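The structure file run-v8.csv is reproduced below (CSV, C-alpha atoms).
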```csv
chain,number,residue,atom,x,y,z
P,1254,MET,CA,14.0,1.7,10.7
P,1255,PRO,CA,12.0,1.9,7.5
P,1256,GLY,CA,9.0,3.2,9.5
P,1257,LYS,CA,11.0,6.4,10.1
P,1258,MET,CA,11.2,7.2,6.4
P,1259,ARG,CA,7.7,8.6,6.1
P,1260,ALA,CA,7.2,11.4,3.6
P,1261,ILE,CA,6.4,15.0,4.8
P,1262,PHE,CA,3.6,16.7,3.0
P,1263,GLU,CA,3.0,20.4,3.0
P,1264,ALA,CA,-0.3,22.2,2.9
P,1265,LEU,CA,-0.7,24.6,-0.1
P,1266,VAL,CA,-3.6,26.5,1.3
P,1267,TRP,CA,-4.9,26.9,4.9
P,1268,GLY,CA,-8.6,27.6,5.0
P,1269,GLU,CA,-11.3,28.5,7.6
P,1270,TRP,CA,-11.7,26.8,10.9
P,1271,VAL,CA,-14.1,23.8,10.9
P,1272,ASP,CA,-15.4,24.4,14.4
P,1273,GLU,CA,-14.3,25.6,17.8
P,1274,GLY,CA,-13.3,22.2,19.2
P,1275,ASP,CA,-10.2,21.7,21.4
P,1276,SER,CA,-8.2,20.4,18.5
P,1277,MET,CA,-8.9,23.5,16.4
P,1278,PRO,CA,-9.4,21.7,13.1
P,1279,ARG,CA,-9.4,23.7,9.9
P,1280,TYR,CA,-9.7,23.1,6.2
P,1281,CYS,CA,-6.6,22.9,4.0
P,1282,THR,CA,-5.6,22.0,0.5
P,1283,LEU,CA,-2.8,19.5,-0.3
P,1284,GLY,CA,-1.0,19.1,-3.6
P,1285,GLY,CA,-1.2,15.9,-5.5
P,1286,VAL,CA,-0.2,14.1,-8.7
P,1287,ALA,CA,-3.0,12.5,-10.7
P,1288,LYS,CA,-2.8,9.5,-12.9
P,1289,THR,CA,-5.9,8.4,-14.7
P,1290,ASN,CA,-7.1,5.1,-16.2
P,1291,ALA,CA,-6.8,4.8,-19.9
P,1292,PHE,CA,-7.8,2.3,-22.6
P,1293,ASP,CA,-4.4,0.6,-22.5
P,1294,ARG,CA,-4.1,0.9,-18.6
P,1295,PRO,CA,-7.6,0.1,-17.3
P,1296,TYR,CA,-6.3,-1.1,-13.9
P,1297,LEU,CA,-3.9,1.8,-13.2
P,1298,ALA,CA,-5.8,3.2,-10.3
P,1299,VAL,CA,-6.4,-0.2,-8.7
P,1300,ASN,CA,-2.7,-1.1,-8.9
P,1301,GLU,CA,-1.6,2.2,-7.5
P,1302,TYR,CA,-4.0,2.2,-4.6
P,1303,VAL,CA,-3.5,-1.4,-3.5
P,1304,SER,CA,0.2,-1.1,-3.8
P,1305,ALA,CA,0.4,2.1,-1.8
P,1306,GLU,CA,-1.9,0.7,0.9
P,1307,LEU,CA,0.1,-2.5,1.4
P,1308,GLY,CA,3.4,-0.8,1.1
P,1309,ARG,CA,2.6,1.5,4.0
P,1310,ARG,CA,1.2,-1.3,6.1
P,1311,LEU,CA,4.6,-3.0,5.8
P,1312,GLY,CA,6.3,0.1,7.1
P,1313,LEU,CA,7.7,1.2,3.7
P,1314,PRO,CA,7.7,4.8,2.5
P,1315,ALA,CA,5.1,4.3,-0.2
P,1316,VAL,CA,3.7,7.6,-1.2
P,1317,PRO,CA,0.0,7.6,0.0
P,1318,GLY,CA,-2.9,8.5,-2.2
P,1319,VAL,CA,-6.6,8.2,-2.9
P,1320,ILE,CA,-8.9,7.0,-5.6
P,1321,VAL,CA,-10.7,9.8,-7.5
P,1322,ALA,CA,-13.7,8.9,-9.7
P,1323,ASN,CA,-16.6,10.4,-11.5
P,1324,PRO,CA,-18.8,9.0,-14.4
P,1325,GLU,CA,-16.3,10.2,-17.0
P,1326,LEU,CA,-12.9,9.6,-15.3
P,1327,ALA,CA,-11.2,7.5,-12.7
P,1328,GLY,CA,-7.7,7.6,-11.4
P,1329,PHE,CA,-5.3,7.8,-8.5
P,1330,VAL,CA,-4.0,10.9,-6.9
P,1331,SER,CA,-0.8,10.6,-4.8
P,1332,LEU,CA,0.3,13.4,-2.5
P,1333,ARG,CA,3.1,15.5,-3.6
P,1334,PHE,CA,6.2,15.0,-1.4
P,1335,GLY,CA,9.4,16.8,-0.7
P,1336,PRO,CA,10.1,20.5,0.2
P,1337,LYS,CA,7.6,22.7,-1.6
P,1338,GLY,CA,6.4,19.6,-3.4
P,1339,GLU,CA,9.7,19.3,-5.3
P,1340,ARG,CA,10.4,15.6,-6.0
P,1341,PRO,CA,13.9,14.5,-4.8
P,1342,PRO,CA,16.3,13.4,-7.5
P,1343,PRO,CA,16.2,9.8,-8.6
P,1344,ALA,CA,17.8,7.4,-6.2
P,1345,ILE,CA,21.2,5.8,-6.8
P,1346,PRO,CA,20.6,2.1,-6.0
P,1347,ASN,CA,24.1,1.4,-4.7
P,1348,LEU,CA,24.0,4.4,-2.4
P,1349,LEU,CA,20.6,3.5,-1.0
P,1350,ALA,CA,21.6,-0.1,-0.5
P,1351,ALA,CA,24.8,1.0,1.3
P,1352,GLN,CA,23.3,3.6,3.6
P,1353,GLN,CA,19.8,2.0,4.2
P,1354,PRO,CA,20.3,-1.7,3.6
P,1355,GLU,CA,17.2,-2.7,5.5
P,1356,LEU,CA,15.0,-0.3,3.6
P,1357,ALA,CA,16.5,-1.4,0.3
P,1358,ALA,CA,15.8,-5.0,1.1
P,1359,GLY,CA,12.2,-4.1,2.1
P,1360,ILE,CA,11.6,-2.5,-1.3
P,1361,VAL,CA,12.9,-5.5,-3.1
P,1362,MET,CA,10.7,-8.0,-1.2
P,1363,PHE,CA,7.7,-5.7,-1.5
P,1364,ASP,CA,8.2,-5.6,-5.3
P,1365,CYS,CA,8.5,-9.4,-5.3
P,1366,TRP,CA,5.2,-9.7,-3.4
P,1367,ILE,CA,3.2,-7.4,-5.6
P,1368,GLY,CA,4.8,-8.7,-8.8
P,1369,ASN,CA,6.4,-5.4,-9.7
P,1370,GLU,CA,8.8,-5.8,-12.6
P,1371,ASP,CA,9.0,-2.1,-13.2
P,1372,ARG,CA,11.2,-0.7,-10.4
P,1373,HIS,CA,13.8,1.7,-11.8
P,1374,THR,CA,15.6,4.9,-10.7
P,1375,GLU,CA,12.7,7.1,-11.8
P,1376,ASN,CA,10.1,5.6,-9.5
P,1377,PHE,CA,12.0,5.6,-6.2
P,1378,ALA,CA,13.8,8.5,-4.6
P,1379,TYR,CA,16.3,8.9,-1.8
P,1380,SER,CA,17.7,12.0,-0.2
P,1381,VAL,CA,21.3,11.6,1.1
P,1382,THR,CA,20.8,14.7,3.3
P,1383,THR,CA,17.5,13.7,5.0
P,1384,LYS,CA,17.9,9.9,4.6
P,1385,ARG,CA,14.3,9.8,3.5
P,1386,ALA,CA,13.2,7.6,0.7
P,1387,HIS,CA,10.0,7.4,-1.4
P,1388,ILE,CA,8.5,4.6,-3.6
P,1389,PHE,CA,5.8,5.4,-6.1
P,1390,ASP,CA,4.4,4.5,-9.6
P,1391,HIS,CA,3.2,0.9,-9.2
P,1392,ASP,CA,0.7,1.0,-12.1
P,1393,ARG,CA,2.4,-2.0,-13.8
P,1394,ALA,CA,2.3,-4.2,-10.7
P,1395,LEU,CA,-0.5,-6.6,-9.7
P,1396,LEU,CA,-3.1,-6.6,-12.5
P,1397,GLY,CA,-0.7,-4.7,-14.7
P,1398,THR,CA,-2.4,-3.8,-18.0
P,1399,THR,CA,-4.0,-7.2,-18.8
P,1400,GLY,CA,-5.9,-7.9,-15.6
P,1401,THR,CA,-6.3,-11.5,-14.4
P,1402,ALA,CA,-4.3,-12.8,-17.3
P,1403,ARG,CA,-1.2,-11.2,-15.8
P,1404,LEU,CA,-2.1,-12.6,-12.3
P,1405,ARG,CA,-2.1,-16.1,-13.8
P,1406,ASP,CA,1.2,-15.5,-15.8
P,1407,ARG,CA,3.0,-14.1,-12.8
P,1408,ALA,CA,1.6,-16.2,-10.0
P,1409,ASP,CA,4.9,-18.0,-9.4
P,1410,ASP,CA,7.4,-15.6,-11.0
P,1411,HIS,CA,9.8,-13.8,-8.6
P,1412,CYS,CA,9.6,-10.7,-10.9
P,1413,LEU,CA,13.1,-9.5,-9.7
P,1414,SER,CA,15.1,-9.8,-12.9
P,1415,ARG,CA,17.2,-6.7,-13.3
P,1416,HIS,CA,15.8,-5.1,-10.2
P,1417,PRO,CA,18.3,-2.3,-9.5
P,1418,LEU,CA,18.2,-2.6,-5.7
P,1419,ALA,CA,18.3,-6.4,-5.8
P,1420,MET,CA,21.5,-6.2,-7.7
P,1421,ALA,CA,22.9,-3.7,-5.2
P,1422,LEU,CA,22.2,-5.6,-2.0
P,1423,THR,CA,25.0,-7.3,0.0
P,1424,ASP,CA,23.2,-8.8,3.0
P,1425,GLY,CA,20.7,-11.6,2.4
P,1426,SER,CA,19.5,-11.8,6.0
P,1427,LYS,CA,17.6,-8.6,5.6
P,1428,LEU,CA,15.7,-10.1,2.8
P,1429,MET,CA,14.7,-13.0,5.0
P,1430,SER,CA,13.4,-10.7,7.7
P,1431,TRP,CA,11.2,-8.9,5.2
P,1432,ALA,CA,10.0,-12.2,3.8
P,1433,ALA,CA,8.9,-13.1,7.3
P,1434,GLN,CA,7.1,-9.8,7.7
P,1435,ILE,CA,5.2,-10.3,4.5
P,1436,GLN,CA,4.2,-13.8,5.6
P,1437,GLU,CA,2.8,-12.3,8.7
P,1438,THR,CA,0.6,-9.8,6.9
P,1439,HIS,CA,-3.0,-10.5,8.0
P,1440,PRO,CA,-5.3,-11.5,5.1
P,1441,GLY,CA,-7.7,-8.8,6.4
P,1442,ALA,CA,-5.3,-6.1,5.4
P,1443,VAL,CA,-5.2,-7.4,1.8
P,1444,LYS,CA,-9.0,-7.8,1.8
P,1445,LEU,CA,-9.6,-4.3,3.2
P,1446,ALA,CA,-7.7,-2.5,0.4
P,1447,ILE,CA,-9.4,-4.5,-2.3
P,1448,ASP,CA,-12.9,-4.4,-0.9
P,1449,GLU,CA,-12.8,-0.6,-0.8
P,1450,LEU,CA,-12.3,-0.7,-4.6
P,1451,VAL,CA,-15.2,-3.1,-5.1
P,1452,ALA,CA,-17.5,-0.9,-2.9
P,1453,GLU,CA,-16.6,2.1,-5.1
P,1454,GLU,CA,-17.2,0.0,-8.3
P,1455,MET,CA,-13.6,0.4,-9.4
P,1456,LEU,CA,-13.1,-3.4,-9.5
P,1457,ASN,CA,-15.6,-6.2,-10.1
P,1458,ALA,CA,-16.0,-9.0,-7.6
P,1459,LYS,CA,-14.4,-11.6,-9.9
P,1460,ASP,CA,-11.2,-9.6,-10.5
P,1461,ALA,CA,-11.1,-8.6,-6.8
P,1462,LEU,CA,-11.1,-12.3,-5.8
P,1463,ALA,CA,-8.4,-13.1,-8.3
P,1464,LEU,CA,-6.3,-10.2,-7.0
P,1465,ALA,CA,-6.7,-11.3,-3.4
P,1466,ASP,CA,-5.8,-14.9,-4.2
P,1467,PHE,CA,-2.7,-13.6,-6.1
P,1468,LEU,CA,-1.4,-11.6,-3.1
P,1469,LEU,CA,-2.2,-14.3,-0.6
P,1470,HIS,CA,-0.6,-17.0,-2.7
P,1471,ARG,CA,2.6,-15.0,-3.1
P,1472,ARG,CA,2.6,-14.1,0.6
P,1473,GLN,CA,2.5,-17.8,1.4
P,1474,GLN,CA,5.2,-18.7,-1.3
P,1475,ILE,CA,7.4,-15.7,-0.7
P,1476,LEU,CA,10.4,-17.8,0.4
P,1477,GLU,CA,10.1,-20.0,-2.7
P,1478,LEU,CA,10.0,-16.9,-4.9
P,1479,LEU,CA,13.1,-15.7,-3.1
P,1480,ARG,CA,14.9,-19.0,-3.7
P,1481,ALA,CA,14.0,-18.7,-7.4
P,1482,ALA,CA,15.3,-15.2,-7.6
P,1483,GLN,CA,18.6,-16.3,-5.9
P,1484,ALA,CA,18.9,-19.2,-8.3
P,1485,ALA,CA,18.4,-16.8,-11.2
P,1486,GLY,CA,21.3,-14.7,-10.1
P,1487,CYS,CA,19.2,-11.6,-9.1
P,1488,PHE,CA,21.5,-10.9,-6.0
P,1489,PRO,CA,25.0,-10.8,-7.4
P,1490,GLY,CA,26.3,-8.8,-4.4
P,1491,ILE,CA,25.2,-11.3,-1.7
P,1492,VAL,CA,27.8,-13.9,-1.0
P,1493,GLN,CA,26.7,-15.2,2.5
P,1494,GLY,CA,24.0,-15.1,5.1
P,1495,PHE,CA,21.3,-16.1,2.6
P,1496,LEU,CA,19.2,-19.0,1.5
P,1497,THR,CA,20.9,-22.3,0.8
```

The structure in this file should be written as structure tokens.
Amino acid sequence: MPGKMRAIFEALVWGEWVDEGDSMPRYCTLGGVAKTNAFDRPYLAVNEYVSAELGRRLGLPAVPGVIVANPELAGFVSLRFGPKGERPPPAIPNLLAAQQPELAAGIVMFDCWIGNEDRHTENFAYSVTTKRAHIFDHDRALLGTTGTARLRDRADDHCLSRHPLAMALTDGSKLMSWAAQIQETHPGAVKLAIDELVAEEMLNAKDALALADFLLHRRQQILELLRAAQAAGCFPGIVQGFLT
């Protein structure tokens, strides 16, 4: 199951004990990879945070992270993953689709939902040995670089053209099950991830409302988006067990 694909994160430094409670908590330092907003990518941190939160809520191995901000700089820090923080090699789409077809279908449908047109072999990883996968780098999804203009332009676009995993899939029924799961996502889950950014002044109320509407609209229309992707030939390897 995709939920078993969680990443393992290693502590770089173990610190002092916090207190003498039964759970024996202590401070520690984890490694991370920081990406900061820029003039040409003003929504980078927002896109990364919301995508990571929603991906993990679906049970996908989205690398978790946090927003970091101060008056001069704002960005997103994802936890480093893999042994000793070494990133696994880029995934081979056909191999991932063959060995973990349910997970591959989940990544495809997740990218469809968040409007991610930038999935490629450098922003998802898969270890043949451990059977663990990771997805990351979603800065071009959702608001992209142009904000609400992109939300309007992509509102009814399947966004799966040339998706490497979509082209490698051979079972359409798994796409259908993930579509159903996306449809069942509670609106509160979407609202929570976005409201946190408004509270931290990372996103204004108008853009937050537009982003929530975008996600909830695509959640409702996910089957129509899937049909459009099928009609556009995005799933050349699927010959049966799919939409008609």

Could you produce a table of the residues of range 1390-1481 of chain P lying within 8 Å of range 1347-1365 of chain P, with the nearest pair of atoms per residue and their separation in Å rounded to one decimal, using all atoms listed in the file, ordered by chain and increasing residue number, as a tab-separated table?
```
residue	atom	partner	partner_atom	distance
P:His1411	CA	P:Cys1365	CA	5.7
P:Cys1412	CA	P:Cys1365	CA	5.9
P:Leu1413	CA	P:Cys1365	CA	6.4
P:His1416	CA	P:Val1361	CA	7.7
P:Leu1418	CA	P:Ala1357	CA	6.4
P:Ala1419	CA	P:Val1361	CA	6.1
P:Ala1421	CA	P:Asn1347	CA	5.3
P:Leu1422	CA	P:Ala1350	CA	5.7
P:Thr1423	CA	P:Ala1350	CA	8.0
P:Asp1424	CA	P:Pro1354	CA	7.7
P:Lys1427	CA	P:Glu1355	CA	5.9
P:Leu1428	CA	P:Ala1358	CA	5.4
P:Trp1431	CA	P:Gly1359	CA	5.8
P:Ala1432	CA	P:Met1362	CA	6.6
P:Ile1435	CA	P:Phe1363	CA	8.0
P:Ile1475	CA	P:Cys1365	CA	7.9
P:Leu1478	CA	P:Cys1365	CA	7.7
```

Worksheet, complete the sentence: What separates CA of Pro1314 in chain P and CA of His1387 in chain P is a distance of 5.2 Å

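You will find CA of Leu1283 in chain P at 17.9 Å from CA of Ala1322 in chain P.
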
Discussion item. Could you tell me how far CA of Ala1305 in chain P sits from CA of Tyr1280 in chain P, in Å to one decimal place?
Written reply: 24.6 Å

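Those residues positioned at most 9 Å from (-9.6, -7.7, -17.3) are P:Pro1295, P:Tyr1296, P:Leu1396, P:Thr1398, P:Thr1399, P:Gly1400, P:Thr1401, P:Ala1402, P:Asp1460, judged using all atoms listed in the file.
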
Worksheet entry | Nearest residue to Ile1367 in chain P from the set P:Arg1393, P:Arg1294, P:Arg1309, P:Arg1333 (distances using all atoms listed in the file) | P:Arg1393

Discussion item. If we count all atoms listed in the file and set the cut-off at 12 Å, which residues sit around Lys1288 in chain P, ignoring sequence neighbours fewer than 6 positions away in its own chain? Please answer as a PyMOL selection string.
Written reply: chain P and resi 1294-1302+1318-1322+1326-1332+1389-1392

Atoms kept (C-alpha atoms) for selection, written as a short mmCIF file (atom, residue, chain, number, x, y, z; two decimals), in the frame of the given file:
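Wrote it out as again-v6.cif, contents follow:
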```cif
data_model
loop_
_atom_site.label_atom_id
_atom_site.label_comp_id
_atom_site.auth_asym_id
_atom_site.auth_seq_id
_atom_site.Cartn_x
_atom_site.Cartn_y
_atom_site.Cartn_z
CA ARG P 1294 -4.10 0.90 -18.60
CA PRO P 1295 -7.60 0.10 -17.30
CA TYR P 1296 -6.30 -1.10 -13.90
CA LEU P 1297 -3.90 1.80 -13.20
CA ALA P 1298 -5.80 3.20 -10.30
CA VAL P 1299 -6.40 -0.20 -8.70
CA ASN P 1300 -2.70 -1.10 -8.90
CA GLU P 1301 -1.60 2.20 -7.50
CA TYR P 1302 -4.00 2.20 -4.60
CA GLY P 1318 -2.90 8.50 -2.20
CA VAL P 1319 -6.60 8.20 -2.90
CA ILE P 1320 -8.90 7.00 -5.60
CA VAL P 1321 -10.70 9.80 -7.50
CA ALA P 1322 -13.70 8.90 -9.70
CA LEU P 1326 -12.90 9.60 -15.30
CA ALA P 1327 -11.20 7.50 -12.70
CA GLY P 1328 -7.70 7.60 -11.40
CA PHE P 1329 -5.30 7.80 -8.50
CA VAL P 1330 -4.00 10.90 -6.90
CA SER P 1331 -0.80 10.60 -4.80
CA LEU P 1332 0.30 13.40 -2.50
CA PHE P 1389 5.80 5.40 -6.10
CA ASP P 1390 4.40 4.50 -9.60
CA HIS P 1391 3.20 0.90 -9.20
CA ASP P 1392 0.70 1.00 -12.10
#
```

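The neighbours of Trp1270 in chain P here are the residues that come within 8 Å of it, using all atoms listed in the file and leaving out any residue fewer than 3 positions away in the same chain; they are Glu1273, Met1277, Pro1278, Arg1279 and Tyr1280 of chain P.
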
Practice prompt. Give as a PyMOL selection string every residue, naming chains and numbers as the document does, that has an atom within 7 Å of (-7.3, -9.2, -0.6), counting only C-alpha atoms.
Written response: chain P and resi 1440+1443-1447+1464-1466+1468

Worksheet item: Out of P:Arg1405, P:Arg1415, P:Ala1386, P:Thr1282, which residue has the shortest atom-to-atom distance to Asp1371 in chain P when counting only C-alpha atoms?
Response: P:Arg1415

Item to complete: Give the answer as one residue: which of P:Val1271, P:Phe1488, P:Leu1469, P:Leu1395 has the shortest atom-to-atom distance to Gly1441 in chain P, using all atoms listed in the file?
Response: P:Leu1469

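Distances here use only C-alpha atoms; by that measure, the residue among P:Ala1394, P:Val1451, P:Ala1287, P:Ala1481 closest to Asp1410 in chain P is P:Ala1481.
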
Item to complete: Counting only C-alpha atoms, figure out which residue out of P:Ile1388, P:Gln1473, P:Ser1380, P:Cys1281 gets nearest to Gln1434 in chain P.
Response: P:Gln1473

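Distance check against Glu1449 in chain P using all atoms listed in the file: of P:Met1429, P:Leu1476, P:Met1420, P:Val1303, the minimum falls on P:Val1303.
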